[in-house]
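For reference, the structure discussed in these notes is given below.
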Protein chains: 2
Amino acid sequence: MKKLMLFLFLIPGFALAQTHEENIKKIFDEELRNGHTYSNLKYLCKEIGNRLSGSPEAAAAVEYTRQLMVSYGFDTVYLQPVMVPHWVRGGKDVVKIVNSEKLGSLELKSLALGNTIGTGPSGLVAEVIEVSGLEQLKQIGDQVKDKIVFFNGAMDPTQINTFDAYSGAVPQRGSGASEAARYGAKAVLVRSMSNRIDDIPHTGNQRYNPDLPKIPALAISTQAAELLSKSLKDQKNLRIYVESHGEMLENVLSYNVIGEIRGTEKPEEIIAVGGHLDSWDVGEGAHDDGSGCLQAVEVLRLYKKLGLKPKRTIRAVMWMNEENGLRGGTEYARVAKEKGEKHIAAIESDSGGFLPIGFSSTGTDAQRTKFQSWKSYFLPYQLWNFEMDGGGADIGPLKDQGPLLIGLEPDSQKYFNFHHTEADVFEAVDQSELELGAAAMTALVYLLEQEGMD
Amino acid sequence: MKKLMLFLFLIPGFALAQTHEENIKKIFDEELRNGHTYSNLKYLCKEIGNRLSGSPEAAAAVEYTRQLMVSYGFDTVYLQPVMVPHWVRGGKDVVKIVNSEKLGSLELKSLALGNTIGTGPSGLVAEVIEVSGLEQLKQIGDQVKDKIVFFNGAMDPTQINTFDAYSGAVPQRGSGASEAARYGAKAVLVRSMSNRIDDIPHTGNQRYNPDLPKIPALAISTQAAELLSKSLKDQKNLRIYVESHGEMLENVLSYNVIGEIRGTEKPEEIIAVGGHLDSWDVGEGAHDDGSGCLQAVEVLRLYKKLGLKPKRTIRAVMWMNEENGLRGGTEYARVAKEKGEKHIAAIESDSGGFLPIGFSSTGTDAQRTKFQSWKSYFLPYQLWNFEMDGGGADIGPLKDQGPLLIGLEPDSQKYFNFHHTEADVFEAVDQSELELGAAAMTALVYLLEQEGMD
């Protein structure tokens, strides 16, 4: 057997695969024994907290991750300026049924959607009308005039990948306000994007159509949505009081935060790995997306700690403003093009710090085939799914520059229990799951910098 | 294309596979839309709570699951008598450093191990000596005389399957007390079986060697273990006060709870699916193993709800006394043999209500090959791992009767954050993850009753 092993080592491919396996094991072992991802995430969540674009907390997060990467001794750490929108919630959101014959006056847990205007301090009152989504709104059209439209389309619980269920339900949140305004509605309420029936409202992005009037838009908890729907069956003329205070202020100068270790053989070929540093203005942005940011920092830290020298340049990027503008991702791609940089791959972790089950990708057949051929390196760590299409919002703008776009794919069952809510806090993240994701990203970066994408 | 489909339907194997796929989809959809598993688990956890063998709560759990299965209209529901040990904790456990020069008197969070004797009401005080495990204890032997032995072997954080890390560390808990007593120790403290550093002590089973003196044995939290170890480096002569009140009472009559739907074609061939109904006496036994029990009940409920008629007999079993005696599993196998029953397969869910990633198995090559050939039915539901060896403690005694033994395998990252602690409560279980496990078990039972194991 020993002789056979010696012989096998003379075959270059075999020896290389052995080295790769060994280095990947070192990466996982080091992360699971002595990883920094979890404690760094704790700092971001507990010392800084949520960090909507343009907020002081977002600025603090920029400075924290910059200093962190400097402290780890990466070759270069720098800030990339980007102007971001600055939306503020402006006060407490209130949604209240005012004339229920059964329940009297009853408050429903709510949270204004991002980028929305407020009602003014005295709020508004109107009759409410329920629709299942944008399609039904179109059918009933003018019936919603002067009313509050209640979008009650639920996420499909039979979708095994909950992001598919989210995609199915989220259009009512993204454009429901403008579409209802088209028919003269006064405000909209949207059922929270969650499979759970609980009392936690989920905020999220909303885009006004510039050709239509702007009206206030708020999410209500799934429990509130169930109650409201039931109450409307009993009493058609329910009236609701809505008060919200959202305001879009002037754009603010902010930054993408970038750290780099230069490649030893082909430094001009770049592999970017990152997450987005901004979050919504509730909770602590732990899963969305503090996890992705600090996993990306960890990739480069593990290189330094283990003394690995990348053949190609590896870069950790904290993109700014994924949640309500994507300005950071857009600017990053613009600058890369302007500088003539060559990204061979970009990896984003923005699906939570949950158990990693694989990587999704978008690219040419050749790129994807090469990437998928590495699956066997990950099976010992229980990452098995390399077939999914995907990538990430912030790396999307790089697409026309030709890199393979890759998304870390954690199991999705619990993501929408926390997404854009008060509940997305550090305690909702499991240390081992977060670390496995960081190690998996590092292992993939390792294979990319070693083997390239030709 | 339509013609080709029609043609394909004429091939019996293809049509059958189609039917199987469709029925399995019905099972998953029904469970994810309208499952009862989660609400039933809530009842068991919140209305009954923890249920150590011999306790009034264990008796209540027997009656609850019996009535539940009766209410669902299974063909037969019955209790199988079994005598079980009745250990009681007897009072509050105390572990206190009494003479630390730095810390003075300091209590360490502790929990007596199951089946242990107490210290007596006035406790005991002795010097403490740390060992890394049974091996090191053997090396130092008589040095532990009249002392408290502190077993501080940690679970290996680099094991991706945390049950492997548990297996590596748990012998010090299982037989540490007797082995230390062999050399004249007065008591033992054992580092809790967890990868997390926190202040939650984990109890668990402990077996006295009948040829050696019995001494008290308590778990301390990992945080306490780290502190104690550090303190011992500073001060060798640390003394500790230990007080515990454990007592083994007379055996008690209890029951396995069994529900059955009789097969339409080969009723003599039995497929058992279950979990264990007893738990430790802290927390609510939510993951361990309320989840497994109510998933097993759900398997048969889904058959009734969907109008599926099993070809072979399917049986849900709530085994009693897995935690500190395995009397239920042992009796179940004895009775099956006595009655000449023929189990073709037995499935146990006893690794928590977490995200299911596959099934482990123990059986002949032919049995395992057939079982593994069904993997493609499960991939759409993200169960991918069918290669693991395994099964379950309660179904182990059936082994010599020849069934394929199968374990539901959830991802293991978080199991030992909760195992045998106050933290193993209903809120620690995710609804979708629990339901995916119940649906996966039902799908596997379906394939087994349809296809058999020949």
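Here, A, B, ... name the chains of the structure tokens in the order displayed, residue numbers run from 1 inside each chain, and ligands are numbered from 1 in the same displayed order.
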For Lys138 of chain A: contacts at 12 Å, only C-alpha atoms, fewer than 6 positions along chain excluded, given as number ranges by chain: A: 131-132, 144, 149, 172, 176, 179-183
Got a sec to pull out which chain B residues are within 7 Å of chain A, counting only C-alpha atoms, and send them as a ChimeraX atom specification? /B:29,32-33,157-158,160,381,413,432-433
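Comparing B:Lys214, B:Lys109, B:Arg368, B:Arg173 by their smallest distance to Leu228 of chain B, the closest is B:Lys109 (using only C-alpha atoms).
For segment 312-315 of chain A, the residues within 9 Å (counting only C-alpha atoms, excluding itself and residues fewer than 6 positions away along the chain) are A:Ile258, A:Gly259, A:Glu260, A:Ile261, A:Arg262, A:Gly263, A:Thr264, A:Glu265, A:Lys266, A:Pro267, A:Glu268, A:Glu269, A:Ile270, A:Ile271, A:Ala272, A:Val273, A:Gly274, A:Ala296, A:Val297, A:Leu300, A:Val445, A:Leu448, A:Glu449, A:Gln450, A:Gly452.
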Show which residues sit within 8 Å of Ala438 of chain B, as a PyMOL selection string. Count only C-alpha atoms, and ignore same-chain residues fewer than 3 positions away. chain B and resi 31+37+295-296+298-299+434-435+441-442
Tell me, as a count of residues only, which residues lie within 8 Å of Gly290 of chain B, counting only C-alpha atoms; anything in the same chain fewer than 3 positions away does not count. 11
Quick one: pick out all helix (DSSP H, G or I) residues within segment 76-227 of chain A from a backbone DSSP run and write them as number ranges by chain. A: 134-144, 162-169, 171-182, 222-227
Who sits within 10 Å of Ala217 of chain A, only C-alpha atoms, same chain under 5 positions skipped, as a ChimeraX atom specification: /A:111-119,148-150,173-178,186-190,203,206,242,244,246
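Interatomic distance, atom CA of Asn256 of chain B to atom CA of Trp319 of chain B: 4.8 Å.
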Quick one: pick out all strand (DSSP E or B) residues within segment 74-272 of chain A from a backbone DSSP run and write them as a PyMOL selection string. chain A and resi 76-88+94-100+104-108+110-112+124-131+148-151+187-191+217-220+239-243+247-261+266-272
Based on the selection just made, write C-alpha atoms of those residues as a CSV table (one decimal), in the first residue's frame.
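Saved to out32.csv:
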chain,number,residue,atom,x,y,z
A,76,THR,CA,-4.2,46.8,1.3
A,77,VAL,CA,-7.3,48.1,3.1
A,78,TYR,CA,-9.2,51.0,1.6
A,79,LEU,CA,-12.6,52.7,1.4
A,80,GLN,CA,-14.4,53.2,-1.9
A,81,PRO,CA,-16.7,56.3,-1.8
A,82,VAL,CA,-20.3,55.9,-2.8
A,83,MET,CA,-23.3,58.2,-2.4
A,84,VAL,CA,-26.2,56.4,-0.8
A,85,PRO,CA,-29.8,57.3,-0.2
A,86,HIS,CA,-30.7,58.2,3.4
A,87,TRP,CA,-34.2,57.1,4.4
A,88,VAL,CA,-35.4,57.5,8.0
A,94,VAL,CA,-49.1,52.8,14.0
A,95,VAL,CA,-51.8,50.7,12.3
A,96,LYS,CA,-55.1,50.4,14.2
A,97,ILE,CA,-58.5,49.0,13.4
A,98,VAL,CA,-60.9,51.7,14.7
A,99,ASN,CA,-64.4,50.4,14.3
A,100,SER,CA,-64.5,46.7,14.8
A,104,GLY,CA,-63.4,47.7,19.1
A,105,SER,CA,-60.1,49.6,18.6
A,106,LEU,CA,-57.2,47.3,18.1
A,107,GLU,CA,-53.6,48.0,17.2
A,108,LEU,CA,-51.9,45.7,14.6
A,110,SER,CA,-46.6,47.2,11.9
A,111,LEU,CA,-43.4,48.6,10.4
A,112,ALA,CA,-43.3,51.1,7.5
A,124,LEU,CA,-55.1,58.9,8.0
A,125,VAL,CA,-58.2,56.8,8.4
A,126,ALA,CA,-59.9,54.9,5.6
A,127,GLU,CA,-61.8,51.8,4.8
A,128,VAL,CA,-59.6,48.8,4.1
A,129,ILE,CA,-60.0,46.4,1.2
A,130,GLU,CA,-58.1,43.1,0.9
A,131,VAL,CA,-56.5,41.7,-2.2
A,148,ILE,CA,-56.4,51.4,2.2
A,149,VAL,CA,-55.3,48.3,0.2
A,150,PHE,CA,-54.4,45.3,2.2
A,151,PHE,CA,-52.1,42.9,0.3
A,187,ALA,CA,-52.2,53.8,1.7
A,188,VAL,CA,-51.2,50.1,1.6
A,189,LEU,CA,-50.7,47.4,4.2
A,190,VAL,CA,-48.7,44.4,3.2
A,191,ARG,CA,-48.6,41.0,4.9
A,217,ALA,CA,-46.9,51.6,2.8
A,218,LEU,CA,-46.5,49.5,5.9
A,219,ALA,CA,-46.0,45.8,6.6
A,220,ILE,CA,-48.1,44.2,9.3
A,239,ARG,CA,-61.8,51.3,9.0
A,240,ILE,CA,-58.1,51.6,9.8
A,241,TYR,CA,-56.0,54.4,11.2
A,242,VAL,CA,-52.5,54.5,9.8
A,243,GLU,CA,-49.6,56.7,11.0
A,247,GLU,CA,-38.8,60.5,4.9
A,248,MET,CA,-36.1,60.4,2.2
A,249,LEU,CA,-33.4,62.8,3.1
A,250,GLU,CA,-30.5,64.0,1.0
A,251,ASN,CA,-28.0,61.4,-0.3
A,252,VAL,CA,-25.0,60.8,2.0
A,253,LEU,CA,-21.4,60.0,1.3
A,254,SER,CA,-20.6,56.4,2.4
A,255,TYR,CA,-18.2,53.6,1.4
A,256,ASN,CA,-17.6,50.1,0.3
A,257,VAL,CA,-14.9,48.7,2.6
A,258,ILE,CA,-12.3,46.6,0.8
A,259,GLY,CA,-9.3,44.5,2.0
A,260,GLU,CA,-7.0,42.7,-0.3
A,261,ILE,CA,-4.2,40.1,-0.3
A,266,LYS,CA,-1.3,36.3,-11.3
A,267,PRO,CA,-2.1,39.3,-9.2
A,268,GLU,CA,-4.1,40.9,-12.0
A,269,GLU,CA,-6.8,38.2,-11.6
A,270,ILE,CA,-9.1,39.1,-8.8
A,271,ILE,CA,-11.5,37.0,-6.7
A,272,ALA,CA,-13.9,39.1,-4.7
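Distances from A:Leu212, A:Leu302, A:Met320, A:Ile395 to Leu52 of chain A were compared using only C-alpha atoms, and the smallest one belongs to A:Met320.
Distances here use only C-alpha atoms; by that measure, the residue among A:Val62, A:Gln235, A:Ala154, A:His245 closest to Pro121 of chain A is A:His245.
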